[in-house]
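Asker: Okay, so here is model_19.cif, and as you'll see once you scroll down, it has mmCIF, C-alpha atoms and all ligand atoms.
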```cif
data_work
#
loop_
_atom_site.label_atom_id
_atom_site.label_comp_id
_atom_site.auth_asym_id
_atom_site.auth_seq_id
_atom_site.Cartn_x
_atom_site.Cartn_y
_atom_site.Cartn_z
CA MET A 1 7.48 -36.55 -1.85
CA THR A 2 6.43 -35.31 1.59
CA GLN A 3 2.78 -34.93 2.44
CA ALA A 4 3.26 -31.17 2.79
CA ARG A 5 4.75 -30.94 -0.70
CA THR A 6 1.90 -32.93 -2.23
CA HIS A 7 -0.52 -30.61 -0.45
CA ALA A 8 1.24 -27.46 -1.70
CA LEU A 9 1.34 -28.72 -5.28
CA THR A 10 -2.35 -29.65 -5.12
CA LEU A 11 -3.22 -26.15 -3.92
CA ASP A 12 -1.14 -24.62 -6.73
CA ALA A 13 -2.78 -26.84 -9.34
CA ALA A 14 -6.25 -25.75 -8.15
CA ASP A 15 -5.35 -22.04 -7.94
CA PRO A 16 -7.49 -20.06 -10.41
CA LEU A 17 -4.91 -17.21 -10.37
CA ARG A 18 -2.05 -19.54 -11.31
CA PRO A 19 -1.70 -18.23 -14.92
CA PHE A 20 -0.88 -14.72 -13.65
CA ARG A 21 2.54 -15.72 -12.42
CA ASN A 22 3.64 -15.99 -16.07
CA GLU A 23 2.71 -12.37 -16.59
CA PHE A 24 5.48 -11.24 -14.25
CA LEU A 25 9.23 -11.04 -14.63
CA VAL A 26 10.66 -13.00 -11.71
CA PRO A 27 14.32 -12.28 -10.89
CA LYS A 28 16.71 -15.22 -11.10
CA HIS A 29 18.82 -16.50 -8.25
CA ARG A 30 21.66 -18.49 -9.79
CA ASP A 31 19.69 -20.42 -12.43
CA ARG A 32 16.41 -20.68 -10.58
CA GLU A 33 13.56 -18.22 -10.16
CA GLN A 34 13.83 -16.35 -6.90
CA VAL A 35 11.16 -16.93 -4.28
CA TYR A 36 10.00 -13.33 -3.97
CA PHE A 37 8.07 -12.35 -0.86
CA VAL A 38 8.70 -8.61 -1.09
CA GLY A 39 5.72 -7.52 -3.14
CA ASN A 40 4.85 -5.38 -0.11
CA SER A 41 7.96 -3.32 -0.82
CA LEU A 42 8.37 -3.41 -4.62
CA GLY A 43 5.99 -5.54 -6.63
CA LEU A 44 7.40 -7.51 -9.57
CA GLN A 45 7.28 -6.10 -13.09
CA PRO A 46 4.19 -7.04 -15.11
CA ARG A 47 5.22 -8.10 -18.61
CA GLY A 48 2.82 -5.52 -20.04
CA ALA A 49 4.66 -2.61 -18.43
CA ARG A 50 7.43 -2.43 -21.00
CA ALA A 51 5.03 -2.22 -23.95
CA HIS A 52 3.11 0.61 -22.31
CA VAL A 53 6.30 2.57 -21.63
CA LEU A 54 7.52 2.00 -25.19
CA GLU A 55 4.19 3.21 -26.53
CA VAL A 56 4.71 6.53 -24.75
CA LEU A 57 8.30 6.80 -25.99
CA ASP A 58 7.17 6.04 -29.54
CA LYS A 59 4.41 8.61 -29.38
CA TRP A 60 6.88 11.19 -28.18
CA ALA A 61 9.34 10.25 -30.93
CA GLY A 62 6.72 10.15 -33.67
CA GLU A 63 4.40 13.01 -32.77
CA ALA A 64 6.20 15.11 -30.19
CA VAL A 65 3.93 17.83 -28.82
CA GLU A 66 1.03 16.78 -31.02
CA GLY A 67 1.06 13.41 -29.24
CA HIS A 68 -0.14 15.13 -26.08
CA PHE A 69 -3.74 14.95 -27.17
CA THR A 70 -4.04 12.48 -30.06
CA GLY A 71 -5.57 9.04 -29.69
CA ALA A 72 -7.01 7.30 -26.66
CA THR A 73 -3.60 7.09 -25.06
CA GLY A 74 -2.57 10.66 -25.85
CA GLY A 75 -0.21 11.68 -23.11
CA MET A 76 -2.39 14.16 -21.31
CA ASN A 77 -5.22 11.64 -21.18
CA SER A 78 -3.14 9.28 -19.03
CA PRO A 79 -4.71 10.17 -15.68
CA ALA A 80 -8.16 9.70 -17.22
CA LEU A 81 -7.12 6.26 -18.48
CA VAL A 82 -6.38 5.01 -14.99
CA ARG A 83 -9.31 6.69 -13.24
CA GLU A 84 -11.91 3.95 -13.68
CA PRO A 85 -9.68 0.93 -12.93
CA LEU A 86 -8.27 2.77 -9.95
CA ALA A 87 -11.75 3.56 -8.65
CA ARG A 88 -12.65 -0.13 -8.96
CA LEU A 89 -9.51 -1.17 -7.12
CA VAL A 90 -10.21 1.01 -4.08
CA GLY A 91 -14.02 0.94 -4.10
CA ALA A 92 -14.53 4.59 -4.97
CA LEU A 93 -16.46 6.64 -7.50
CA PRO A 94 -14.31 7.59 -10.49
CA GLY A 95 -14.46 11.26 -9.53
CA GLU A 96 -13.15 10.47 -6.05
CA VAL A 97 -9.73 9.20 -7.17
CA VAL A 98 -6.75 10.55 -9.01
CA ALA A 99 -3.29 9.20 -9.83
CA MET A 100 -0.70 11.88 -9.16
CA ASN A 101 2.63 12.66 -7.47
CA THR A 102 3.91 10.23 -4.87
CA LEU A 103 2.43 9.21 -1.55
CA THR A 104 4.20 11.69 0.70
CA VAL A 105 3.37 14.59 -1.61
CA ASN A 106 -0.28 13.56 -1.70
CA LEU A 107 -0.32 13.28 2.07
CA HIS A 108 0.94 16.85 2.35
CA LEU A 109 -1.69 18.04 -0.13
CA MET A 110 -4.42 16.32 1.85
CA LEU A 111 -3.12 17.64 5.17
CA ALA A 112 -3.06 21.15 3.73
CA SER A 113 -6.78 20.85 3.00
CA PHE A 114 -8.00 18.62 5.82
CA TYR A 115 -5.83 19.55 8.78
CA ARG A 116 -7.19 23.00 9.62
CA PRO A 117 -6.64 23.33 13.37
CA ALA A 118 -9.04 25.81 14.94
CA ALA A 119 -10.83 26.54 18.19
CA GLY A 120 -8.70 24.22 20.28
CA ARG A 121 -9.12 21.34 17.84
CA THR A 122 -5.45 20.70 17.05
CA VAL A 123 -4.66 17.05 17.76
CA VAL A 124 -3.64 14.55 15.08
CA LEU A 125 -3.87 10.92 16.15
CA ILE A 126 -1.50 8.40 14.54
CA GLU A 127 -0.34 4.91 15.47
CA GLU A 128 2.80 4.23 17.47
CA GLY A 129 5.66 3.37 15.12
CA ALA A 130 4.08 5.04 12.09
CA PHE A 131 6.06 5.07 8.84
CA PRO A 132 8.65 7.85 9.20
CA SER A 133 7.52 9.78 6.13
CA ASP A 134 3.97 10.00 7.46
CA ARG A 135 5.22 11.18 10.81
CA HIS A 136 7.49 13.80 9.22
CA ALA A 137 4.61 15.05 7.10
CA VAL A 138 2.27 15.40 10.07
CA GLU A 139 4.88 16.97 12.34
CA SER A 140 5.88 19.51 9.74
CA GLN A 141 2.26 20.43 9.01
CA ILE A 142 1.64 20.94 12.72
CA ARG A 143 4.65 23.28 12.82
CA LEU A 144 3.41 25.12 9.72
CA HIS A 145 0.37 26.06 11.79
CA GLY A 146 2.64 27.38 14.53
CA LEU A 147 1.74 24.50 16.83
CA ASP A 148 3.92 22.13 18.81
CA PRO A 149 4.00 18.42 17.83
CA ALA A 150 4.77 17.59 21.46
CA THR A 151 1.14 18.37 22.27
CA ALA A 152 -0.62 18.21 18.89
CA LEU A 153 0.73 14.85 17.71
CA VAL A 154 -0.61 11.93 19.73
CA GLU A 155 0.45 8.34 19.16
CA VAL A 156 -1.81 5.44 20.10
CA GLN A 157 0.35 2.89 21.89
CA ALA A 158 0.33 -0.78 20.95
CA ASP A 159 -1.54 -2.75 23.60
CA GLU A 160 -1.57 -6.29 22.22
CA PRO A 161 1.12 -8.94 22.76
CA GLY A 162 2.83 -8.84 19.33
CA GLY A 163 2.90 -5.04 19.27
CA THR A 164 -0.45 -4.54 17.52
CA ILE A 165 -3.22 -2.11 18.48
CA SER A 166 -6.71 -3.16 19.58
CA MET A 167 -9.77 -1.29 18.33
CA ALA A 168 -10.61 -0.73 22.00
CA ALA A 169 -7.35 1.18 22.49
CA LEU A 170 -7.99 3.29 19.40
CA GLU A 171 -11.55 3.96 20.46
CA ARG A 172 -10.38 5.07 23.93
CA ALA A 173 -7.81 7.42 22.41
CA ILE A 174 -10.37 8.98 20.06
CA ALA A 175 -12.81 9.48 22.93
CA GLU A 176 -10.11 10.82 25.25
CA HIS A 177 -9.05 13.58 22.86
CA GLY A 178 -12.59 14.13 21.56
CA PRO A 179 -13.12 17.90 21.42
CA ARG A 180 -9.39 18.52 20.81
CA LEU A 181 -9.20 16.02 17.97
CA ALA A 182 -8.72 17.45 14.46
CA LEU A 183 -7.68 14.39 12.48
CA VAL A 184 -7.26 10.64 12.81
CA LEU A 185 -4.61 9.56 10.29
CA TRP A 186 -4.56 5.79 10.25
CA PRO A 187 -3.04 2.99 8.14
CA GLY A 188 -5.23 0.51 6.27
CA VAL A 189 -2.52 -2.06 6.97
CA GLN A 190 0.33 -1.14 9.32
CA TYR A 191 3.59 -1.57 7.41
CA ARG A 192 5.65 -3.03 10.22
CA THR A 193 3.20 -5.38 11.93
CA GLY A 194 0.96 -6.24 8.99
CA GLN A 195 -2.15 -5.50 11.07
CA ALA A 196 -5.26 -4.51 9.07
CA PHE A 197 -7.88 -2.05 10.30
CA ASP A 198 -11.57 -1.46 9.74
CA LEU A 199 -11.69 1.85 7.88
CA ALA A 200 -15.46 2.32 8.19
CA GLU A 201 -15.39 1.82 11.95
CA ILE A 202 -12.44 4.19 12.43
CA THR A 203 -14.17 6.78 10.27
CA ARG A 204 -17.35 6.43 12.32
CA LEU A 205 -15.45 6.92 15.58
CA ALA A 206 -13.54 9.96 14.27
CA HIS A 207 -16.64 11.60 12.82
CA ALA A 208 -18.58 11.02 16.05
CA GLN A 209 -16.02 13.33 17.72
CA GLY A 210 -16.18 15.89 14.94
CA ALA A 211 -12.75 14.94 13.58
CA VAL A 212 -11.57 14.18 10.05
CA ALA A 213 -10.70 10.56 9.10
CA GLY A 214 -7.80 10.13 6.68
CA PHE A 215 -6.00 6.94 5.70
CA ASP A 216 -2.62 5.85 4.43
CA LEU A 217 -3.29 2.82 2.29
CA ALA A 218 0.27 2.13 1.11
CA HIS A 219 0.07 -1.46 2.37
CA ALA A 220 -3.66 -1.93 1.86
CA VAL A 221 -4.20 -1.10 -1.81
CA GLY A 222 -3.90 -4.19 -4.02
CA ASN A 223 -3.76 -6.23 -0.81
CA LEU A 224 -7.26 -5.92 0.68
CA PRO A 225 -10.63 -5.25 -0.94
CA LEU A 226 -11.40 -1.62 -0.14
CA ALA A 227 -14.71 0.24 -0.10
CA LEU A 228 -13.44 3.77 0.28
CA HIS A 229 -16.59 5.55 -0.75
CA ASP A 230 -18.82 3.54 1.57
CA SER A 231 -16.33 3.79 4.43
CA GLY A 232 -17.09 7.51 4.52
CA ALA A 233 -13.38 8.35 4.85
CA ASP A 234 -12.60 11.98 4.14
CA PHE A 235 -9.38 11.31 2.26
CA ALA A 236 -6.84 8.58 1.57
CA VAL A 237 -3.42 8.36 -0.03
CA TRP A 238 -1.35 5.42 -1.23
CA CYS A 239 1.52 4.40 -3.50
CA HIS A 240 1.43 1.98 -6.42
CA TYR A 241 4.84 0.34 -6.29
CA LYS A 242 4.00 -2.15 -3.51
CA TYR A 243 1.12 -4.60 -4.08
CA VAL A 244 0.01 -2.74 -7.23
CA ASN A 245 3.25 -3.55 -9.12
CA ALA A 246 3.53 -0.25 -11.02
CA GLY A 247 7.28 0.02 -10.57
CA PRO A 248 9.86 2.02 -8.63
CA GLY A 249 8.72 5.58 -8.00
CA ALA A 250 5.32 4.87 -9.55
CA VAL A 251 2.74 7.63 -9.62
CA ALA A 252 0.68 7.41 -6.42
CA GLY A 253 -3.03 7.55 -5.65
CA CYS A 254 -5.31 9.91 -3.79
CA PHE A 255 -8.96 9.72 -2.73
CA VAL A 256 -11.17 12.62 -1.72
CA HIS A 257 -14.71 11.70 -0.70
CA GLU A 258 -17.44 12.92 -3.02
CA ARG A 259 -18.91 15.20 -0.35
CA HIS A 260 -15.70 17.29 -0.41
CA GLY A 261 -15.30 17.25 -4.17
CA ARG A 262 -17.21 20.45 -4.83
CA SER A 263 -16.86 22.03 -1.43
CA GLY A 264 -14.21 24.51 -2.49
CA LEU A 265 -11.92 23.37 0.32
CA PRO A 266 -8.76 25.45 0.55
CA ARG A 267 -5.89 23.69 -1.08
CA MET A 268 -2.46 23.95 -2.62
CA ALA A 269 -3.25 24.57 -6.26
CA GLY A 270 -1.64 24.11 -9.64
CA TRP A 271 -2.80 24.46 -13.20
CA TRP A 272 -3.60 20.78 -13.64
CA GLY A 273 -6.12 20.97 -10.81
CA HIS A 274 -7.97 23.67 -12.71
CA ASP A 275 -11.24 22.72 -14.30
CA ALA A 276 -10.19 20.97 -17.53
CA ALA A 277 -12.46 22.75 -20.01
CA PRO A 278 -11.10 26.29 -19.60
CA ARG A 279 -7.61 25.22 -18.44
CA PHE A 280 -5.91 26.33 -21.61
CA ARG A 281 -7.48 29.75 -21.57
CA MET A 282 -4.64 30.37 -19.15
CA ALA A 283 -6.71 32.79 -17.11
CA PRO A 284 -5.33 33.99 -13.77
CA GLU A 285 -8.16 32.77 -11.51
CA PHE A 286 -8.22 29.20 -10.18
CA VAL A 287 -11.41 27.23 -10.71
CA PRO A 288 -10.86 23.78 -9.22
CA ALA A 289 -11.93 20.73 -11.19
CA ALA A 290 -14.65 18.76 -9.43
CA GLY A 291 -13.54 15.83 -7.33
CA ALA A 292 -10.07 14.54 -6.51
CA GLU A 293 -8.69 15.91 -9.79
CA GLY A 294 -9.05 19.37 -8.36
CA TRP A 295 -5.98 18.62 -6.23
CA GLN A 296 -3.67 17.91 -9.18
CA LEU A 297 -0.72 20.26 -9.47
CA PRO A 298 1.50 19.71 -12.50
CA THR A 299 1.36 18.24 -15.96
CA PRO A 300 0.90 14.49 -15.54
CA PRO A 301 4.12 12.41 -15.60
CA VAL A 302 3.02 10.46 -18.64
CA LEU A 303 5.98 8.06 -18.82
CA ALA A 304 5.61 7.20 -15.15
CA LEU A 305 1.89 6.54 -15.57
CA ALA A 306 2.46 3.92 -18.28
CA PRO A 307 3.34 0.95 -16.01
CA LEU A 308 0.41 1.80 -13.75
CA ARG A 309 -1.92 1.34 -16.69
CA ALA A 310 -0.43 -2.11 -17.29
CA SER A 311 -0.77 -3.18 -13.68
CA LEU A 312 -4.32 -1.92 -13.26
CA GLU A 313 -5.34 -3.83 -16.41
CA GLN A 314 -3.99 -6.91 -14.70
CA PHE A 315 -6.12 -6.37 -11.59
CA ASP A 316 -9.16 -6.06 -13.82
CA ARG A 317 -8.27 -9.23 -15.70
CA ALA A 318 -7.87 -11.04 -12.39
CA GLY A 319 -11.49 -10.10 -11.66
CA GLY A 320 -10.73 -7.51 -9.01
CA MET A 321 -9.86 -7.84 -5.37
CA ALA A 322 -12.42 -10.47 -4.30
CA GLY A 323 -10.63 -13.39 -5.95
CA LEU A 324 -7.21 -12.04 -5.07
CA ARG A 325 -8.19 -11.72 -1.43
CA ALA A 326 -9.62 -15.25 -1.39
CA LYS A 327 -6.26 -16.62 -2.51
CA SER A 328 -4.38 -14.22 -0.28
CA GLU A 329 -6.19 -15.41 2.84
CA LYS A 330 -5.56 -18.98 1.81
CA ILE A 331 -1.86 -18.68 0.99
CA THR A 332 -1.08 -16.52 4.03
CA GLY A 333 -3.13 -18.96 6.11
CA PHE A 334 -1.01 -21.80 4.70
CA LEU A 335 2.14 -19.96 5.76
CA ASP A 336 0.65 -19.25 9.18
CA ALA A 337 -0.33 -22.89 9.75
CA LEU A 338 3.07 -24.26 8.67
CA ILE A 339 4.90 -21.81 10.94
CA ARG A 340 2.74 -22.77 13.92
CA GLN A 341 3.22 -26.51 13.23
CA ARG A 342 6.86 -26.57 12.32
CA LEU A 343 8.61 -23.37 13.38
CA ALA A 344 7.10 -22.46 16.75
CA GLY A 345 10.02 -21.47 18.93
CA THR A 346 11.89 -20.08 15.91
CA LEU A 347 9.42 -17.58 14.43
CA GLU A 348 6.73 -15.64 16.26
CA ILE A 349 3.86 -14.34 14.12
CA ILE A 350 3.20 -10.68 14.93
CA PRO A 351 -0.10 -9.80 13.20
CA PRO A 352 -3.36 -11.06 14.70
CA ALA A 353 -4.42 -14.59 13.79
CA GLU A 354 -7.90 -13.57 12.54
CA PRO A 355 -7.70 -13.15 8.76
CA ALA A 356 -9.89 -10.03 8.93
CA ARG A 357 -7.22 -8.29 11.00
CA ARG A 358 -4.31 -8.77 8.62
CA GLY A 359 -3.45 -8.66 4.92
CA ALA A 360 -1.01 -10.75 2.90
CA GLN A 361 2.02 -10.01 5.03
CA LEU A 362 3.18 -11.94 8.08
CA SER A 363 5.77 -10.06 10.10
CA LEU A 364 7.86 -12.69 11.86
CA ARG A 365 9.94 -12.09 14.95
CA VAL A 366 13.02 -14.32 15.00
CA ALA A 367 13.77 -15.96 18.36
CA GLY A 368 17.26 -15.16 19.64
CA GLY A 369 17.27 -11.47 18.70
CA ARG A 370 18.97 -9.37 16.07
CA GLU A 371 22.02 -11.51 15.36
CA ARG A 372 20.06 -14.74 14.86
CA GLY A 373 17.51 -12.82 12.81
CA ARG A 374 20.15 -11.39 10.47
CA GLU A 375 21.72 -14.82 10.16
CA LEU A 376 18.42 -16.34 9.07
CA PHE A 377 17.64 -13.46 6.72
CA ASP A 378 21.07 -13.77 5.04
CA TYR A 379 20.77 -17.54 4.84
CA LEU A 380 17.40 -17.28 3.11
CA ARG A 381 18.67 -14.69 0.65
CA ASP A 382 21.64 -16.90 -0.20
CA THR A 383 19.26 -19.75 -1.02
CA GLY A 384 17.12 -17.52 -3.25
CA ILE A 385 14.29 -16.63 -0.86
CA LEU A 386 13.74 -12.92 -0.43
CA GLY A 387 11.78 -11.35 2.40
CA ASP A 388 12.69 -8.05 3.98
CA TRP A 389 14.35 -7.10 7.17
CA ARG A 390 12.97 -4.71 9.79
CA GLU A 391 15.09 -3.78 12.80
CA PRO A 392 15.70 -5.18 15.28
CA ASP A 393 14.55 -8.78 14.74
CA VAL A 394 11.71 -8.95 12.22
CA ILE A 395 11.51 -10.59 8.79
CA ARG A 396 8.46 -9.63 6.76
CA ILE A 397 7.11 -12.27 4.37
CA ALA A 398 4.32 -11.18 2.04
CA PRO A 399 2.95 -13.84 -0.33
CA ALA A 400 1.44 -11.87 -3.23
CA PRO A 401 -1.57 -13.69 -4.67
CA LEU A 402 -0.84 -12.62 -8.25
CA TYR A 403 2.51 -14.38 -8.42
CA ASN A 404 3.41 -16.35 -5.30
CA ARG A 405 2.78 -20.08 -5.17
CA TYR A 406 1.96 -22.38 -2.27
CA ALA A 407 5.16 -24.23 -3.15
CA ASP A 408 7.10 -20.97 -2.50
CA VAL A 409 5.64 -20.85 0.99
CA LEU A 410 6.58 -24.45 1.68
CA ARG A 411 10.11 -23.83 0.44
CA PHE A 412 10.49 -20.94 2.86
CA VAL A 413 9.39 -23.13 5.79
CA GLU A 414 11.69 -25.98 4.75
CA GLU A 415 14.66 -23.66 4.43
CA VAL A 416 14.08 -22.15 7.88
CA GLU A 417 13.98 -25.70 9.27
CA HIS A 418 17.18 -26.50 7.46
CA TRP A 419 18.90 -23.37 8.81
CA ARG A 420 17.76 -24.17 12.33
CA GLY A 421 19.17 -27.70 12.04
CA VAL A 422 22.69 -26.64 11.04
C1 LIG B 501 5.73 2.87 1.47
C2 LIG B 501 5.19 3.87 2.38
C3 LIG B 501 5.46 5.25 2.22
C4 LIG B 501 6.37 5.74 1.13
O1 LIG B 501 6.01 7.01 0.69
P1 LIG B 501 6.63 7.58 -0.67
O2 LIG B 501 6.14 8.95 -0.75
O3 LIG B 501 6.14 6.70 -1.76
O4 LIG B 501 8.10 7.48 -0.56
C5 LIG B 501 4.89 6.14 3.11
N1 LIG B 501 4.08 5.72 4.11
C6 LIG B 501 3.81 4.41 4.30
C7 LIG B 501 2.92 3.98 5.43
C8 LIG B 501 4.35 3.44 3.46
O5 LIG B 501 4.11 2.16 3.66
#
```
What is this file in structure tokens?
Ligand SMILES: *Cc1c(COP(=O)(O)O)cnc(C)c1O
Answerer:
Amino acid sequence: MTQARTHALTLDAADPLRPFRNEFLVPKHRDREQVYFVGNSLGLQPRGARAHVLEVLDKWAGEAVEGHFTGATGGMNSPALVREPLARLVGALPGEVVAMNTLTVNLHLMLASFYRPAAGRTVVLIEEGAFPSDRHAVESQIRLHGLDPATALVEVQADEPGGTISMAALERAIAEHGPRLALVLWPGVQYRTGQAFDLAEITRLAHAQGAVAGFDLAHAVGNLPLALHDSGADFAVWCHYKYVNAGPGAVAGCFVHERHGRSGLPRMAGWWGHDAAPRFRMAPEFVPAAGAEGWQLPTPPVLALAPLRASLEQFDRAGGMAGLRAKSEKITGFLDALIRQRLAGTLEIIPPAEPARRGAQLSLRVAGGRERGRELFDYLRDTGILGDWREPDVIRIAPAPLYNRYADVLRFVEEVEHWRGV
């Protein structure tokens, strides 16, 4: 056995999160478990998810409409069931979070309330290369106000070697647009580069200019410990099918800071955002529920919420994000070190080297351009190692601390070496 293999197996044996791997359904490649590094795109299925979905189906079959409100898991109680674990996961007060809709919808709802251009304050600041859906949402909201994205949408350009953005560049952009700045909409972790950002610092800079600070945490939730309340952020949105493992199309998350929860902010309203007590009086006037729940629109998608309950229970059982992050830094650091030792010249690591400036994911630029990159990606997939491909020459590898092993990381490195040798 090589020294590296002994080392990887030792790390796995000492990993306190090791038992969690057995709680997931890992797809097979031929007759072996796939090495799955795509938890940043679609997390694996927790074994508990099926039972939670069946429970909802059984309640529907057995009680029909009466099942809406009976028992702790009565359908309409589903959002309340996830509120506390969700608040723990993102470092918020329970009243500041709600599970609803999907990410893009929640982003629109938040923009409707928090992007209120007035008195020359029209600019929205986003990062260069933002996720297309976020960009579409912002552009369309700017147009809804009769403004022109060519002037109201400003992208902060990457200024660091791998295509990442320094805090200094962001700070300059915020200062430059100061009195014209309405909103800074920033990722917790940038999906393409894997770079992580300091939410509290960005919020401080935005607020100092009188602008709103909102965050897209699609790649940060379940990946980094978050302290949303303390960060002072005005709002945040995220999805639950990436690192949170709640399944394809999972119900998403939304955070509205406590200070806005009773402020009567204008919003797009629906009956489920109405104060719960008198909701069924079916009166014509809208009285928003306090907190993030006041932004709910429709009846909760109870079936879709079931896997989220299972996955949040798992995060609680794992002891929350502190332990997960400790392993995550270690396993991503292991991958980083092996690439630098053994694959320099083949793979370039894009995110910053400091652990505080990245999450689980390493975005890796393949030397030789698109064709070589595709070749390597296909080779890995054929051997049972799945990452994901980002044009034109990037493979993203995201070891997920709940189910990836150090031995998986070593296997990836060995297979890239093997491919390079042939
Ligand atoms: C994954 C992701 C999305 C996807 O949004 P949906 O509404 O869930 O389709 C949007 N933005 C970012 C930054 C993402 O990473």
Asker: Determine, counting all atoms listed in the file, which protein, DNA and RNA residues have an atom within 12 Å of an atom of A:Thr299; residues of the same chain fewer than 3 positions away are not included. Present the result as a PDB file with C-alpha atoms, keeping the file's coordinate frame.
Answerer:
```pdb
ATOM      1  CA  HIS A  68      -0.140  15.130 -26.080  1.00  0.00           C
ATOM      2  CA  GLY A  75      -0.210  11.680 -23.110  1.00  0.00           C
ATOM      3  CA  MET A  76      -2.390  14.160 -21.310  1.00  0.00           C
ATOM      4  CA  ASN A  77      -5.220  11.640 -21.180  1.00  0.00           C
ATOM      5  CA  SER A  78      -3.140   9.280 -19.030  1.00  0.00           C
ATOM      6  CA  PRO A  79      -4.710  10.170 -15.680  1.00  0.00           C
ATOM      7  CA  ALA A  99      -3.290   9.200  -9.830  1.00  0.00           C
ATOM      8  CA  MET A 100      -0.700  11.880  -9.160  1.00  0.00           C
ATOM      9  CA  ASN A 101       2.630  12.660  -7.470  1.00  0.00           C
ATOM     10  CA  GLY A 270      -1.640  24.110  -9.640  1.00  0.00           C
ATOM     11  CA  TRP A 271      -2.800  24.460 -13.200  1.00  0.00           C
ATOM     12  CA  TRP A 272      -3.600  20.780 -13.640  1.00  0.00           C
ATOM     13  CA  GLY A 273      -6.120  20.970 -10.810  1.00  0.00           C
ATOM     14  CA  HIS A 274      -7.970  23.670 -12.710  1.00  0.00           C
ATOM     15  CA  ALA A 276     -10.190  20.970 -17.530  1.00  0.00           C
ATOM     16  CA  ARG A 279      -7.610  25.220 -18.440  1.00  0.00           C
ATOM     17  CA  GLN A 296      -3.670  17.910  -9.180  1.00  0.00           C
ATOM     18  CA  VAL A 302       3.020  10.460 -18.640  1.00  0.00           C
ATOM     19  CA  LEU A 303       5.980   8.060 -18.820  1.00  0.00           C
ATOM     20  CA  ALA A 304       5.610   7.200 -15.150  1.00  0.00           C
ATOM     21  CA  LEU A 305       1.890   6.540 -15.570  1.00  0.00           C
TER      22      LEU A 305
END
```
Asker: Which is closest to A:Tyr115 among A:Tyr403, A:Phe235, A:Phe69, A:Trp389, if we use only C-alpha atoms?
Answerer: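 For A:Tyr115, the nearest of the given residues is A:Phe235.
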Asker: With all atoms listed in the file as the basis for distance, which of A:Thr122, A:Ser133, A:Asn40, A:Asn404 is at the shortest distance from ligand LIG 501 (chain B)?
Answerer: A:Ser133
Asker: May I have a table of the residues of chain A lying at most 7 Å from ligand LIG 501 (chain B), giving each one's closest pair of atoms and their distance in Å to one decimal, counting all atoms listed in the file, ordered by chain and ascending residue number, as a Markdown table?
Answerer:
```
| residue | atom | partner | partner_atom | distance |
| --- | --- | --- | --- | --- |
| A:Ser41 | CA | B:LIG501 | C1 | 7.0 |
| A:Thr102 | CA | B:LIG501 | O2 | 4.9 |
| A:Leu103 | CA | B:LIG501 | O2 | 3.8 |
| A:Thr104 | CA | B:LIG501 | O2 | 3.7 |
| A:Val105 | CA | B:LIG501 | O2 | 6.3 |
| A:Ala130 | CA | B:LIG501 | C7 | 6.8 |
| A:Phe131 | CA | B:LIG501 | C7 | 4.8 |
| A:Ser133 | CA | B:LIG501 | C5 | 5.4 |
| A:Asp134 | CA | B:LIG501 | N1 | 5.4 |
| A:Pro187 | CA | B:LIG501 | C7 | 6.6 |
| A:Gln190 | CA | B:LIG501 | C7 | 6.9 |
| A:Tyr191 | CA | B:LIG501 | O5 | 5.3 |
| A:Asp216 | CA | B:LIG501 | C7 | 5.9 |
| A:Ala218 | CA | B:LIG501 | O5 | 4.6 |
| A:His219 | CA | B:LIG501 | O5 | 5.6 |
| A:Cys239 | CA | B:LIG501 | O3 | 5.4 |
| A:Gly249 | CA | B:LIG501 | O3 | 6.8 |
```
Asker: Rounded to one decimal in Å, what is the spacing between atom CA of A:Ala367 and atom CA of A:Ala353?
Answerer: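 Interatomic distance here is 18.8 Å.
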Asker: Work out how far apart atom CA of A:Ala356 and atom CA of A:Asp230 are and give it in Å to one decimal.
Answerer: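 Interatomic distance here is 17.8 Å.
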Asker: Using all atoms listed in the file, can you tell me which of A:Pro248, A:Ala227, A:Lys242, A:Ala292 comes closest to A:Leu265?
Answerer: A:Ala292
Asker: Quick one: of A:Met1, A:Lys330, A:Glu128, A:Gly368, who's nearest to A:Asp159, counting all atoms listed in the file?
Answerer: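 Closest candidate: A:Glu128.
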